[in-house]
Each structure stands twice: as structure tokens, then as C-alpha cells.
Amino acid sequence: MTAVRTATAGLALLLAMACTTPAPPRSHANAASGTVCAPPQGQPGPETATTIDVIEQAYFCILGNYYAGATLDARTLLTAGFAALTQEIIRNGRDVPDATMPALTGDRKADWTAFETTYRRVTGQVPDDLRDRLAVVTLEAIVAALGDDHARWTHGVERPPDAYDGDGYGLGLEANVTRPQATGSAETAVPPLFVTAVLGGAARKAGLRPGDVIESVNDSAPFIDGKAGPAIAGLYPRYPDARPIRLRLHRPSTGRRWSVTLKPGLFPQDPADLQVVRSKLVDGDVAYVRMRGFAPDSADRVLRAIARLREGRTLHGVVLDLRGNGGGSPVEAVRLVSAFVHGKVTAYQCTVDGACSASRTDDTVEPVGLPLAVLTDRGCASACEHFSSAIKDLRAGTLVGTRTAGAISGPAQSYLLRDNTTLAFPSRHHLGPNREVIDKVGVAPDHHVPLTPQDAAAGRDPALDKALTLLHE
């Protein structure tokens, strides 16, 4: 914390230097305290401008603490950062003759010095507002170059001023290609692109329905030669992005084709859709529990829901619906696994050199003692995949649906940067109970049952139907 206060105290001087003649890079002997990163202690102060010194801190923080930092080729980070810098200059209708990537040798400190020297020279030739933007895109690109779904730089978070708790923002729809797929792992998506749910907002006003096939987004095909394109990300704008999105639609049930322009905005969501745990009895003797995320106490809420449905009747099994479950607490994942199996390892957390620690079941959790079917899809990520892989590997239940997201590199640790933003990434890598890599791969279901546009339009749920059939066999 002392190092962070010291760095913050010197921030005004550094900003003043950044806005005048480019300064030569500081020696690393003198910069050692400035490149140290530590977890936040309490609420961070207001965000300040991101500078080359913040980028330096993030660069060495990654190399020193990221689980693969010791073996990482740091040149990939610097190259990605410099590419983003030059692309942003060009997007702003200008260029700088000196904006040429310096030669890198693989010596991390020497390469940083070369990068910083060039960066300062280039950014000293652009207006102040563009200089600030260049720092942001450079650091964003360095973090993105890790290719890690659990590595992120949190900054400039904005919320609509008139938003209420529970409001959504966007077009008001969900598609079979999820937001994480569209923005980070589109290569896992398969055609066609279609609406799976209408949540409200512009999509509801325009009369969209589940099952409507999206043939183009902003006049670009969502899939080209069977591969997902960048256009799909337009379905999931984030505030303050309010650019209208033009969709070309096809409704297979009627043959209708039409175009509509949707403007992103706030919309109220159904309170029931916001509940972390929802439950009901299906087929007269099966407990169906929908779990949206592994929030604190969510495992116990699932178990209480099963217990309530069990009162006064004999249950034949449990269907746990984890579709769209973006993850959360690994502790909750372990507790929920422990309700279906005891005395086992649920996952391993490993360093880059292969030293692993085991996550074991909590055998104080009372066993449910019922057959289990778990519904999964590409929206099941992180802690959801911890749970799903454990259930499959330990043969504690059956997975039905489609493969999970493959977004579980490891638990993320947050670090405070000098501009009061946070950098987060895992210090250990997640492996399944059989020591298999799940990140970028996902967990395959035991029974592959995808949703089709026809199913969505008719309100059918083939994965749930298959799960019920398996539980009654």
C-alpha cells in the first residue's frame, strides 16, 4: 500500500511530463517501486489518466505474477500494444513518421526501454486528447495479447445515469451465439445465428421472436464459409455505445423476410429472470433448478430448493440447468459438487512449472442422493465449467446440451495500478479432476442436444426433454 501511495503522490508530476516534451525512459533501478503491483486495499480512489508509467507497471506486473509469466515471450505483448497504438493513430486520420516498432531482442527490460523510448517519441507528436486515448488502447491490447479469458483491465466503467437496479442495456435480445462467444471466442460458434430470447427494449418493440434467424448484422453476414465473423458482436453493445444496429431477419415458420434497425438502450428486465436460483417440479417427480451464476450462498440455495420440492413426495431425480451460467465463486462450485459426490478432487490449480494444489470436496455437505442431469451450453463458463467437469469426470451425473465455453484459465487476482484502475489475471492455471485442460476446450456433454431455430420458435427445449428421458430410464 505504501508503494501505491508513493506512486499516486508522484502522478501529477508524471502527467505534467507526459504533456510536454517526451522524456527519456527512466532507469529501471529508479523505477522499481513504480512497477510493483499489489492487490487493492479498500476502495480505490478516482481514476486518473493512464500514462506510459501505468503501462510499464502493468507490463511488469503481468510478467511477475501471471501464471505463465515466467515462460511468456514478452515481445508478443509489446508488439500487440504498439500495433494498437499505430492503428488508433491511423483511425484518427493522421500518422507519425517515427511510429515504427523498435527491434526487440527478448530481454524483457531492454525491450521495455526500447518500447518506452519509441512510445514517448510518437505520443509527443499528437494532441493531448489523442495521447490519452493511445495509452488506453495500448494497455488494452497488451492485456488482450495474453489470450486469457480471465485477464482483464477494468477502467472507465460507466453506467447510464437513469438506470435502475435490474435494468438491462442493449438491443433487448439474446442469440444462440452468446456475448462471450461473439466478443472473445467466435470460432466456437456454429450457424445459423438466431434469436433465443427477447428480453425487452428495442427487440420487443420491433416484434422479434425466438427462432427468428439473423441473416445479416449491419449488412454483414454473421457467418462466412461457416465461420463466425465480427459482425455478430454488434448484437451485444455495452453502454455508452448507442449506435443503431441494422438486422436482416428471416422467420422460418412463416417465410417472412424483413429488415429492422434497433437502437441500444435501457430496458426493464423480468425480475424472475434476475433470480440466481429458480426451481419447479417437472414431470411430477423431477426437481428442475435453474442457476444463473455461482454467487455467494448459491449452492445452499440450490440445495434448499431441492429440499422444498422433495417435501411430501419422492423425487426421481434432479435437473440442474446451467445454460448461460457465467460462473462466479469456485467455493460455491465445490460445495455444489459435494452435494453429489464425496471424497474426491474437483479440480487442480497449477503453476507453469507443474506444481499443483487440489480443490477437494467439502464432505460436510449433506448428499442429495438423487440422480443428476446437468444442462450445459456455450454460456456455461468459469466456475460453471469447474462444476460441470467435476460432475462428468467423477461420474456424479450426466451432462446434456452443448459444450461449455472453455473459459476457465484460473481464478483471477486483482492488482491496483497507479491510475486507480485494476488489472486482473490468474496466478494459477485450472485443470479438471483428470488433470485435463478445460480452458479454450470446454467440457463436452455426454449427450449433444443443440437448440434449433425451430425449437426456439415453438418453445421446445430438447435438452430438457432428453434429460428427463435419461432420468426416467
# chains A, B, ... in the order shown; residues from 1 in each chain; ligands from 1

call {"tool": "select_by_dssp", "arguments": {"residues": "segment 233-448 of chain A", "states": "helix (DSSP H, G or I)", "output": "ChimeraX atom specification"}}
result
/A:233-235,271-274,298-310,330-338,383-393

call {"tool": "residues_around", "arguments": {"residues": "segment 98-111 of chain A", "least_positions_apart": "3", "cutoff": "9 Å", "atoms": "only C-alpha atoms", "output": "VMD selection string"}}
result
chain A and resid 28 60 63 73 to 75 78 to 79 82 to 83 85 to 86 95 114 to 116 118 to 119 121 to 123

call {"tool": "residues_around", "arguments": {"residues": "segment 450-462 of chain A", "least_positions_apart": "3", "cutoff": "9 Å", "atoms": "only C-alpha atoms", "output": "VMD selection string"}}
result
chain A and resid 176 192 to 197 209 to 213 251 to 253 377 401 to 402 465 to 467

call {"tool": "write_last_selection", "arguments": {"atoms": "N, CA, C and O atoms", "output": "compact mmCIF listing (two decimals), in the first residue's frame"}}
result
# COMPACT_ATOMS: atom_id res chain seq x y z
N ASN A 176 -28.25 -17.40 -30.05
CA ASN A 176 -27.58 -18.67 -29.78
C ASN A 176 -26.07 -18.52 -29.72
O ASN A 176 -25.38 -19.35 -29.13
N PRO A 192 -26.95 -21.66 -37.86
CA PRO A 192 -27.26 -20.26 -38.16
C PRO A 192 -27.28 -19.42 -36.89
O PRO A 192 -27.32 -19.95 -35.78
N LEU A 193 -27.28 -18.10 -37.06
CA LEU A 193 -27.44 -17.16 -35.95
C LEU A 193 -28.93 -16.88 -35.79
O LEU A 193 -29.60 -16.49 -36.75
N PHE A 194 -29.46 -17.10 -34.59
CA PHE A 194 -30.89 -16.87 -34.40
C PHE A 194 -31.19 -16.39 -32.98
O PHE A 194 -30.40 -16.58 -32.05
N VAL A 195 -32.33 -15.76 -32.84
CA VAL A 195 -32.78 -15.21 -31.55
C VAL A 195 -33.24 -16.36 -30.67
O VAL A 195 -34.04 -17.21 -31.09
N THR A 196 -32.74 -16.40 -29.44
CA THR A 196 -33.19 -17.42 -28.49
C THR A 196 -34.13 -16.85 -27.42
O THR A 196 -34.93 -17.57 -26.84
N ALA A 197 -34.02 -15.54 -27.16
CA ALA A 197 -34.90 -14.92 -26.16
C ALA A 197 -35.04 -13.44 -26.47
O ALA A 197 -34.09 -12.79 -26.92
N ARG A 209 -39.03 -12.40 -32.35
CA ARG A 209 -39.47 -13.58 -31.61
C ARG A 209 -38.32 -14.60 -31.55
O ARG A 209 -37.47 -14.64 -32.44
N PRO A 210 -38.33 -15.46 -30.53
CA PRO A 210 -37.37 -16.56 -30.52
C PRO A 210 -37.53 -17.40 -31.79
O PRO A 210 -38.64 -17.65 -32.26
N GLY A 211 -36.40 -17.79 -32.37
CA GLY A 211 -36.41 -18.57 -33.60
C GLY A 211 -36.17 -17.74 -34.84
O GLY A 211 -35.88 -18.31 -35.90
N ASP A 212 -36.29 -16.41 -34.73
CA ASP A 212 -36.01 -15.56 -35.88
C ASP A 212 -34.53 -15.68 -36.25
O ASP A 212 -33.65 -15.49 -35.40
N VAL A 213 -34.26 -15.99 -37.49
CA VAL A 213 -32.88 -16.15 -37.97
C VAL A 213 -32.34 -14.78 -38.38
O VAL A 213 -33.00 -14.04 -39.12
N ARG A 251 -38.04 -15.34 -40.68
CA ARG A 251 -38.85 -16.14 -39.74
C ARG A 251 -39.25 -17.44 -40.45
O ARG A 251 -40.17 -17.46 -41.29
N PRO A 252 -38.55 -18.54 -40.15
CA PRO A 252 -38.79 -19.80 -40.88
C PRO A 252 -40.23 -20.28 -40.82
O PRO A 252 -40.72 -20.89 -41.78
N SER A 253 -40.92 -20.00 -39.71
CA SER A 253 -42.28 -20.53 -39.56
C SER A 253 -43.26 -19.92 -40.56
O SER A 253 -44.27 -20.55 -40.91
N ASP A 377 -24.33 -25.32 -21.98
CA ASP A 377 -24.22 -24.74 -23.31
C ASP A 377 -22.97 -23.88 -23.35
O ASP A 377 -22.17 -23.86 -22.40
N GLY A 401 -26.75 -31.27 -23.54
CA GLY A 401 -26.83 -29.97 -24.20
C GLY A 401 -25.70 -29.80 -25.18
O GLY A 401 -25.52 -30.62 -26.08
N THR A 402 -24.93 -28.72 -25.01
CA THR A 402 -23.78 -28.48 -25.87
C THR A 402 -22.55 -28.18 -25.02
O THR A 402 -22.65 -27.97 -23.81
N ASP A 465 -35.89 -32.12 -22.44
CA ASP A 465 -36.62 -33.35 -22.75
C ASP A 465 -35.69 -34.56 -22.68
O ASP A 465 -36.07 -35.62 -22.15
N LYS A 466 -34.48 -34.43 -23.22
CA LYS A 466 -33.53 -35.54 -23.18
C LYS A 466 -33.12 -35.86 -21.75
O LYS A 466 -33.02 -37.04 -21.37
N ALA A 467 -32.89 -34.82 -20.94
CA ALA A 467 -32.50 -35.04 -19.54
C ALA A 467 -33.60 -35.79 -18.78
O ALA A 467 -33.31 -36.72 -18.01

call {"tool": "residues_around", "arguments": {"residues": "Tyr59 of chain A", "least_positions_apart": "4", "cutoff": "10 Å", "atoms": "only C-alpha atoms", "output": "ChimeraX atom specification"}}
result
/A:35,53-55,63-64,74,77-78,108,112,139,142-143

call {"tool": "closest_atom_pairs", "arguments": {"of": "segment 61-129 of chain A", "to": "segment 342-352 of chain A", "cutoff": "9 Å", "atoms": "only C-alpha atoms", "output": "CSV"}}
result
residue,atom,partner,partner_atom,distance
A:Tyr67,CA,A:Thr351,CA,5.8
A:Ala68,CA,A:Val352,CA,5.4
A:Gly69,CA,A:Val352,CA,8.3
A:Ala70,CA,A:Val352,CA,7.7
A:Thr71,CA,A:Val352,CA,7.8

call {"tool": "atom_distance", "arguments": {"atom1": "atom CA of Ala287 of chain A", "atom2": "atom CA of His472 of chain A"}}
result
12.7 Å

call {"tool": "atom_distance", "arguments": {"atom1": "atom CA of Leu399 of chain A", "atom2": "atom CA of Thr376 of chain A"}}
result
6.8 Å

call {"tool": "closest_residue", "arguments": {"among": "A:Gly226, A:Gly207, A:Pro367, A:Pro240", "to": "Pro161 of chain A", "atoms": "only C-alpha atoms"}}
result
A:Pro240

call {"tool": "residues_around", "arguments": {"residues": "Thr154 of chain A", "least_positions_apart": "5", "cutoff": "8 Å", "atoms": "only C-alpha atoms", "output": "list in words"}}
result
Thr421, Thr422 and Leu423 of chain A

call {"tool": "select_by_dssp", "arguments": {"residues": "segment 174-344 of chain A", "states": "strand (DSSP E)", "output": "PyMOL selection string"}}
result
chain A and resi 174-175+195-198+213-217+223-224+227-228+245-251+256-262+265-268+277-282+286-291+317-321

call {"tool": "write_last_selection", "arguments": {"atoms": "N, CA and C atoms", "output": "compact mmCIF listing (two decimals), in the first residue's frame"}}
result
# COMPACT_ATOMS: atom_id res chain seq x y z
N GLU A 174 -31.33 -12.02 -26.85
CA GLU A 174 -30.23 -12.96 -26.72
C GLU A 174 -30.24 -13.86 -27.94
N ALA A 175 -29.05 -14.28 -28.35
CA ALA A 175 -28.93 -15.14 -29.52
C ALA A 175 -28.22 -16.43 -29.14
N VAL A 195 -32.33 -15.76 -32.84
CA VAL A 195 -32.78 -15.21 -31.55
C VAL A 195 -33.24 -16.36 -30.67
N THR A 196 -32.74 -16.40 -29.44
CA THR A 196 -33.19 -17.42 -28.49
C THR A 196 -34.13 -16.85 -27.42
N ALA A 197 -34.02 -15.54 -27.16
CA ALA A 197 -34.90 -14.92 -26.16
C ALA A 197 -35.04 -13.44 -26.47
N VAL A 198 -36.23 -12.91 -26.24
CA VAL A 198 -36.49 -11.48 -26.35
C VAL A 198 -36.72 -10.96 -24.93
N VAL A 213 -34.26 -15.99 -37.49
CA VAL A 213 -32.88 -16.15 -37.97
C VAL A 213 -32.34 -14.78 -38.38
N ILE A 214 -31.14 -14.45 -37.90
CA ILE A 214 -30.50 -13.18 -38.23
C ILE A 214 -29.57 -13.42 -39.40
N GLU A 215 -29.97 -12.93 -40.58
CA GLU A 215 -29.20 -13.19 -41.80
C GLU A 215 -28.08 -12.20 -42.01
N SER A 216 -28.19 -10.99 -41.44
CA SER A 216 -27.09 -10.04 -41.52
C SER A 216 -27.17 -9.06 -40.36
N VAL A 217 -26.00 -8.56 -39.97
CA VAL A 217 -25.87 -7.55 -38.92
C VAL A 217 -25.11 -6.38 -39.53
N PHE A 223 -21.95 -15.29 -40.62
CA PHE A 223 -21.04 -16.41 -40.87
C PHE A 223 -20.56 -16.36 -42.32
N ILE A 224 -19.26 -16.57 -42.50
CA ILE A 224 -18.67 -16.61 -43.83
C ILE A 224 -17.93 -17.93 -43.96
N LYS A 227 -17.73 -19.86 -40.78
CA LYS A 227 -17.01 -19.30 -39.64
C LYS A 227 -17.62 -17.98 -39.20
N ALA A 228 -17.75 -17.80 -37.88
CA ALA A 228 -18.37 -16.59 -37.35
C ALA A 228 -17.51 -15.38 -37.64
N ILE A 245 -28.26 -0.62 -34.76
CA ILE A 245 -27.84 -1.88 -35.39
C ILE A 245 -28.93 -2.31 -36.37
N ARG A 246 -28.54 -2.53 -37.61
CA ARG A 246 -29.49 -2.95 -38.64
C ARG A 246 -29.41 -4.48 -38.80
N LEU A 247 -30.58 -5.12 -38.67
CA LEU A 247 -30.65 -6.57 -38.80
C LEU A 247 -31.53 -6.96 -39.99
N ARG A 248 -31.07 -7.97 -40.70
CA ARG A 248 -31.90 -8.60 -41.73
C ARG A 248 -32.36 -9.93 -41.15
N LEU A 249 -33.69 -10.16 -41.11
CA LEU A 249 -34.25 -11.28 -40.38
C LEU A 249 -35.06 -12.20 -41.29
N HIS A 250 -35.15 -13.45 -40.88
CA HIS A 250 -35.98 -14.44 -41.56
C HIS A 250 -36.71 -15.24 -40.51
N ARG A 251 -38.04 -15.34 -40.68
CA ARG A 251 -38.85 -16.14 -39.74
C ARG A 251 -39.25 -17.44 -40.45
N ARG A 256 -41.36 -15.17 -43.76
CA ARG A 256 -41.20 -13.72 -43.85
C ARG A 256 -39.73 -13.32 -43.76
N ARG A 257 -39.34 -12.33 -44.61
CA ARG A 257 -38.01 -11.72 -44.53
C ARG A 257 -38.20 -10.21 -44.43
N TRP A 258 -37.47 -9.59 -43.53
CA TRP A 258 -37.59 -8.14 -43.36
C TRP A 258 -36.35 -7.60 -42.66
N SER A 259 -36.22 -6.28 -42.68
CA SER A 259 -35.10 -5.60 -42.03
C SER A 259 -35.64 -4.69 -40.95
N VAL A 260 -34.85 -4.50 -39.91
CA VAL A 260 -35.24 -3.63 -38.81
C VAL A 260 -33.98 -3.00 -38.25
N THR A 261 -34.10 -1.77 -37.78
CA THR A 261 -32.98 -1.08 -37.13
C THR A 261 -33.30 -0.93 -35.65
N LEU A 262 -32.43 -1.45 -34.81
CA LEU A 262 -32.63 -1.43 -33.35
C LEU A 262 -31.62 -0.49 -32.73
N GLY A 265 -30.40 0.62 -25.79
CA GLY A 265 -30.88 1.48 -24.71
C GLY A 265 -31.19 0.67 -23.46
N LEU A 266 -31.64 1.37 -22.43
CA LEU A 266 -32.05 0.71 -21.19
C LEU A 266 -33.40 0.03 -21.37
N PHE A 267 -33.59 -1.09 -20.70
CA PHE A 267 -34.90 -1.73 -20.69
C PHE A 267 -35.06 -2.50 -19.38
N PRO A 268 -36.28 -2.48 -18.80
CA PRO A 268 -36.51 -3.24 -17.57
C PRO A 268 -36.53 -4.74 -17.87
N VAL A 277 -31.33 -18.32 -8.47
CA VAL A 277 -31.82 -19.70 -8.41
C VAL A 277 -33.34 -19.70 -8.55
N ARG A 278 -33.84 -20.47 -9.50
CA ARG A 278 -35.27 -20.68 -9.68
C ARG A 278 -35.53 -22.18 -9.73
N SER A 279 -36.67 -22.61 -9.23
CA SER A 279 -36.94 -24.05 -9.20
C SER A 279 -38.42 -24.34 -9.42
N LYS A 280 -38.67 -25.55 -9.89
CA LYS A 280 -40.04 -26.02 -10.07
C LYS A 280 -40.02 -27.54 -10.20
N LEU A 281 -41.18 -28.14 -10.06
CA LEU A 281 -41.33 -29.58 -10.26
C LEU A 281 -41.71 -29.83 -11.71
N VAL A 282 -41.03 -30.75 -12.38
CA VAL A 282 -41.37 -31.10 -13.76
C VAL A 282 -41.62 -32.61 -13.84
N VAL A 286 -39.55 -34.76 -10.80
CA VAL A 286 -38.17 -34.32 -11.04
C VAL A 286 -38.03 -32.87 -10.61
N ALA A 287 -37.01 -32.60 -9.81
CA ALA A 287 -36.72 -31.23 -9.37
C ALA A 287 -35.91 -30.53 -10.46
N TYR A 288 -36.47 -29.46 -11.01
CA TYR A 288 -35.76 -28.66 -12.00
C TYR A 288 -35.29 -27.38 -11.32
N VAL A 289 -33.97 -27.13 -11.37
CA VAL A 289 -33.40 -25.94 -10.74
C VAL A 289 -32.56 -25.20 -11.77
N ARG A 290 -32.91 -23.94 -12.01
CA ARG A 290 -32.13 -23.08 -12.92
C ARG A 290 -31.21 -22.21 -12.08
N MET A 291 -29.93 -22.22 -12.41
CA MET A 291 -28.92 -21.48 -11.64
C MET A 291 -28.18 -20.55 -12.60
N GLY A 317 -35.29 -37.58 -9.57
CA GLY A 317 -34.00 -37.04 -9.98
C GLY A 317 -33.99 -35.53 -9.95
N VAL A 318 -32.85 -34.96 -10.35
CA VAL A 318 -32.65 -33.51 -10.37
C VAL A 318 -32.12 -33.11 -11.73
N VAL A 319 -32.72 -32.07 -12.32
CA VAL A 319 -32.17 -31.42 -13.50
C VAL A 319 -31.63 -30.07 -13.05
N LEU A 320 -30.34 -29.88 -13.19
CA LEU A 320 -29.70 -28.60 -12.85
C LEU A 320 -29.39 -27.89 -14.16
N ASP A 321 -30.07 -26.79 -14.41
CA ASP A 321 -29.92 -26.06 -15.67
C ASP A 321 -28.87 -24.96 -15.49

call {"tool": "closest_residue", "arguments": {"among": "A:Ala272, A:Ile89, A:Cys380, A:Ile62", "to": "Ala144 of chain A", "atoms": "only C-alpha atoms"}}
result
A:Ile62

call {"tool": "closest_residue", "arguments": {"among": "A:Leu336, A:Gly397, A:Thr138, A:Gly147", "to": "Thr364 of chain A", "atoms": "only C-alpha atoms"}}
result
A:Leu336

call {"tool": "closest_residue", "arguments": {"among": "A:Val334, A:Val441, A:Ala424, A:Val449", "to": "Pro39 of chain A", "atoms": "only C-alpha atoms"}}
result
A:Ala424

call {"tool": "residues_around", "arguments": {"residues": "Val341 of chain A", "least_positions_apart": "5", "cutoff": "9 Å", "atoms": "only C-alpha atoms", "output": "MDAnalysis selection string"}}
result
chainID A and resid 361 363 367 391 394:396

call {"tool": "residues_around", "arguments": {"residues": "Val177 of chain A", "least_positions_apart": "4", "cutoff": "10 Å", "atoms": "only C-alpha atoms", "output": "list in words"}}
result
Gln181, Ala182, Thr183, Ser185, Ala186, Thr188, Ala189, Val190, Pro191, Pro192, Leu193, Phe194, Val195, Thr196, Ala228, Ile232, Ala233, Leu235, Arg378 and Gly379 of chain A

call {"tool": "write_last_selection", "arguments": {"atoms": "C-alpha atoms", "output": "compact mmCIF listing (two decimals), in the first residue's frame"}}
result
# COMPACT_ATOMS: atom_id res chain seq x y z
CA GLN A 181 -18.53 -16.09 -27.89
CA ALA A 182 -19.24 -13.05 -30.03
CA THR A 183 -16.63 -10.87 -28.33
CA SER A 185 -14.26 -16.87 -28.92
CA ALA A 186 -16.36 -16.59 -32.06
CA THR A 188 -16.67 -21.81 -31.36
CA ALA A 189 -19.95 -20.53 -32.85
CA VAL A 190 -21.91 -22.52 -35.42
CA PRO A 191 -24.53 -21.27 -37.89
CA PRO A 192 -27.26 -20.26 -38.16
CA LEU A 193 -27.44 -17.16 -35.95
CA PHE A 194 -30.89 -16.87 -34.40
CA VAL A 195 -32.78 -15.21 -31.55
CA THR A 196 -33.19 -17.42 -28.49
CA ALA A 228 -18.37 -16.59 -37.35
CA ILE A 232 -22.10 -10.81 -34.52
CA ALA A 233 -20.56 -8.70 -31.75
CA LEU A 235 -25.77 -7.78 -31.13
CA ARG A 378 -21.57 -22.30 -24.60
CA GLY A 379 -22.73 -19.80 -21.97

call {"tool": "closest_residue", "arguments": {"among": "A:Ala38, A:Leu471, A:Ala339, A:Leu199", "to": "Pro371 of chain A", "atoms": "only C-alpha atoms"}}
result
A:Leu471

call {"tool": "atom_distance", "arguments": {"atom1": "atom CA of Gly442 of chain A", "atom2": "atom CA of Ala407 of chain A"}}
result
7.2 Å

call {"tool": "decode", "arguments": {"residues": "segment 85-180 of chain A", "atoms": "C-alpha atoms", "output": "PDB file, in the first residue's frame"}}
result
ATOM      1  CA  LEU A  85      -1.157   2.398 -30.933  1.00  0.00           C
ATOM      2  CA  THR A  86      -0.439   2.819 -34.644  1.00  0.00           C
ATOM      3  CA  GLN A  87      -3.905   1.642 -35.661  1.00  0.00           C
ATOM      4  CA  GLU A  88      -5.516   4.216 -33.365  1.00  0.00           C
ATOM      5  CA  ILE A  89      -3.364   6.989 -34.822  1.00  0.00           C
ATOM      6  CA  ILE A  90      -4.494   5.996 -38.323  1.00  0.00           C
ATOM      7  CA  ARG A  91      -8.151   5.805 -37.240  1.00  0.00           C
ATOM      8  CA  ASN A  92      -7.813   9.420 -36.166  1.00  0.00           C
ATOM      9  CA  GLY A  93      -6.825  10.470 -39.678  1.00  0.00           C
ATOM     10  CA  ARG A  94      -3.120  11.009 -39.095  1.00  0.00           C
ATOM     11  CA  ASP A  95       0.205   9.203 -38.913  1.00  0.00           C
ATOM     12  CA  VAL A  96       3.611   9.746 -37.320  1.00  0.00           C
ATOM     13  CA  PRO A  97       6.794   9.016 -39.309  1.00  0.00           C
ATOM     14  CA  ASP A  98       8.554   7.786 -36.149  1.00  0.00           C
ATOM     15  CA  ALA A  99       5.803   5.259 -35.358  1.00  0.00           C
ATOM     16  CA  THR A 100       7.962   2.265 -36.227  1.00  0.00           C
ATOM     17  CA  MET A 101       8.214  -0.751 -33.970  1.00  0.00           C
ATOM     18  CA  PRO A 102      11.642  -0.896 -32.309  1.00  0.00           C
ATOM     19  CA  ALA A 103      13.765  -4.009 -32.638  1.00  0.00           C
ATOM     20  CA  LEU A 104      13.170  -6.410 -29.744  1.00  0.00           C
ATOM     21  CA  THR A 105      15.699  -8.945 -28.509  1.00  0.00           C
ATOM     22  CA  GLY A 106      13.820 -10.993 -25.911  1.00  0.00           C
ATOM     23  CA  ASP A 107      15.488  -9.197 -22.995  1.00  0.00           C
ATOM     24  CA  ARG A 108      12.414  -8.023 -21.113  1.00  0.00           C
ATOM     25  CA  LYS A 109      13.894  -4.913 -19.533  1.00  0.00           C
ATOM     26  CA  ALA A 110      15.858  -3.847 -22.593  1.00  0.00           C
ATOM     27  CA  ASP A 111      12.823  -4.400 -24.801  1.00  0.00           C
ATOM     28  CA  TRP A 112      10.693  -2.292 -22.470  1.00  0.00           C
ATOM     29  CA  THR A 113      13.243   0.519 -22.602  1.00  0.00           C
ATOM     30  CA  ALA A 114      13.203   0.437 -26.408  1.00  0.00           C
ATOM     31  CA  PHE A 115       9.407   0.354 -26.459  1.00  0.00           C
ATOM     32  CA  GLU A 116       9.076   3.221 -23.977  1.00  0.00           C
ATOM     33  CA  THR A 117      11.553   5.408 -25.852  1.00  0.00           C
ATOM     34  CA  THR A 118       9.641   4.999 -29.098  1.00  0.00           C
ATOM     35  CA  TYR A 119       6.260   5.358 -27.390  1.00  0.00           C
ATOM     36  CA  ARG A 120       7.226   8.675 -25.791  1.00  0.00           C
ATOM     37  CA  ARG A 121       8.636   9.992 -29.059  1.00  0.00           C
ATOM     38  CA  VAL A 122       5.499   9.055 -31.007  1.00  0.00           C
ATOM     39  CA  THR A 123       2.908  10.243 -28.485  1.00  0.00           C
ATOM     40  CA  GLY A 124       4.767  13.520 -28.067  1.00  0.00           C
ATOM     41  CA  GLN A 125       3.715  14.375 -31.637  1.00  0.00           C
ATOM     42  CA  VAL A 126      -0.058  14.045 -31.233  1.00  0.00           C
ATOM     43  CA  PRO A 127      -2.706  16.184 -29.472  1.00  0.00           C
ATOM     44  CA  ASP A 128      -3.294  15.673 -25.759  1.00  0.00           C
ATOM     45  CA  ASP A 129      -6.706  14.021 -26.156  1.00  0.00           C
ATOM     46  CA  LEU A 130      -5.317  11.505 -28.656  1.00  0.00           C
ATOM     47  CA  ARG A 131      -2.287  10.878 -26.416  1.00  0.00           C
ATOM     48  CA  ASP A 132      -4.646   9.821 -23.605  1.00  0.00           C
ATOM     49  CA  ARG A 133      -6.535   7.512 -25.954  1.00  0.00           C
ATOM     50  CA  LEU A 134      -3.310   5.940 -27.226  1.00  0.00           C
ATOM     51  CA  ALA A 135      -2.330   4.935 -23.704  1.00  0.00           C
ATOM     52  CA  VAL A 136      -5.692   3.247 -23.192  1.00  0.00           C
ATOM     53  CA  VAL A 137      -5.662   1.241 -26.441  1.00  0.00           C
ATOM     54  CA  THR A 138      -2.031   0.235 -25.884  1.00  0.00           C
ATOM     55  CA  LEU A 139      -2.711  -1.220 -22.452  1.00  0.00           C
ATOM     56  CA  GLU A 140      -5.932  -2.855 -23.627  1.00  0.00           C
ATOM     57  CA  ALA A 141      -4.002  -4.581 -26.414  1.00  0.00           C
ATOM     58  CA  ILE A 142      -1.222  -5.761 -24.096  1.00  0.00           C
ATOM     59  CA  VAL A 143      -3.756  -7.437 -21.814  1.00  0.00           C
ATOM     60  CA  ALA A 144      -5.707  -8.884 -24.766  1.00  0.00           C
ATOM     61  CA  ALA A 145      -2.466 -10.354 -26.159  1.00  0.00           C
ATOM     62  CA  LEU A 146      -2.430 -12.822 -23.267  1.00  0.00           C
ATOM     63  CA  GLY A 147      -5.390 -14.537 -24.929  1.00  0.00           C
ATOM     64  CA  ASP A 148      -6.751 -15.305 -21.467  1.00  0.00           C
ATOM     65  CA  ASP A 149     -10.468 -15.077 -20.732  1.00  0.00           C
ATOM     66  CA  HIS A 150      -9.714 -14.301 -17.073  1.00  0.00           C
ATOM     67  CA  ALA A 151      -7.243 -11.495 -17.812  1.00  0.00           C
ATOM     68  CA  ARG A 152      -8.845  -8.065 -17.953  1.00  0.00           C
ATOM     69  CA  TRP A 153      -8.126  -4.420 -17.330  1.00  0.00           C
ATOM     70  CA  THR A 154     -11.085  -2.690 -15.676  1.00  0.00           C
ATOM     71  CA  HIS A 155     -11.253   1.001 -16.425  1.00  0.00           C
ATOM     72  CA  GLY A 156     -13.683   3.704 -17.464  1.00  0.00           C
ATOM     73  CA  VAL A 157     -16.714   1.725 -16.309  1.00  0.00           C
ATOM     74  CA  GLU A 158     -19.807   3.790 -16.993  1.00  0.00           C
ATOM     75  CA  ARG A 159     -23.421   3.264 -16.024  1.00  0.00           C
ATOM     76  CA  PRO A 160     -26.423   5.006 -17.596  1.00  0.00           C
ATOM     77  CA  PRO A 161     -27.381   7.891 -15.285  1.00  0.00           C
ATOM     78  CA  ASP A 162     -31.077   6.936 -15.245  1.00  0.00           C
ATOM     79  CA  ALA A 163     -30.587   3.184 -14.770  1.00  0.00           C
ATOM     80  CA  TYR A 164     -32.421   1.278 -12.045  1.00  0.00           C
ATOM     81  CA  ASP A 165     -31.280  -1.938 -10.401  1.00  0.00           C
ATOM     82  CA  GLY A 166     -32.282  -4.777 -12.688  1.00  0.00           C
ATOM     83  CA  ASP A 167     -32.266  -2.731 -15.875  1.00  0.00           C
ATOM     84  CA  GLY A 168     -30.612  -4.220 -18.928  1.00  0.00           C
ATOM     85  CA  TYR A 169     -28.782  -2.339 -21.648  1.00  0.00           C
ATOM     86  CA  GLY A 170     -28.566  -3.250 -25.289  1.00  0.00           C
ATOM     87  CA  LEU A 171     -30.899  -4.421 -28.033  1.00  0.00           C
ATOM     88  CA  GLY A 172     -33.061  -6.479 -25.674  1.00  0.00           C
ATOM     89  CA  LEU A 173     -32.362  -9.869 -27.201  1.00  0.00           C
ATOM     90  CA  GLU A 174     -30.233 -12.964 -26.719  1.00  0.00           C
ATOM     91  CA  ALA A 175     -28.926 -15.143 -29.524  1.00  0.00           C
ATOM     92  CA  ASN A 176     -27.585 -18.672 -29.776  1.00  0.00           C
ATOM     93  CA  VAL A 177     -24.112 -17.124 -30.140  1.00  0.00           C
ATOM     94  CA  THR A 178     -23.547 -15.730 -26.662  1.00  0.00           C
ATOM     95  CA  ARG A 179     -21.872 -12.439 -25.769  1.00  0.00           C
ATOM     96  CA  PRO A 180     -18.614 -14.150 -24.631  1.00  0.00           C
TER      97      PRO A 180
END
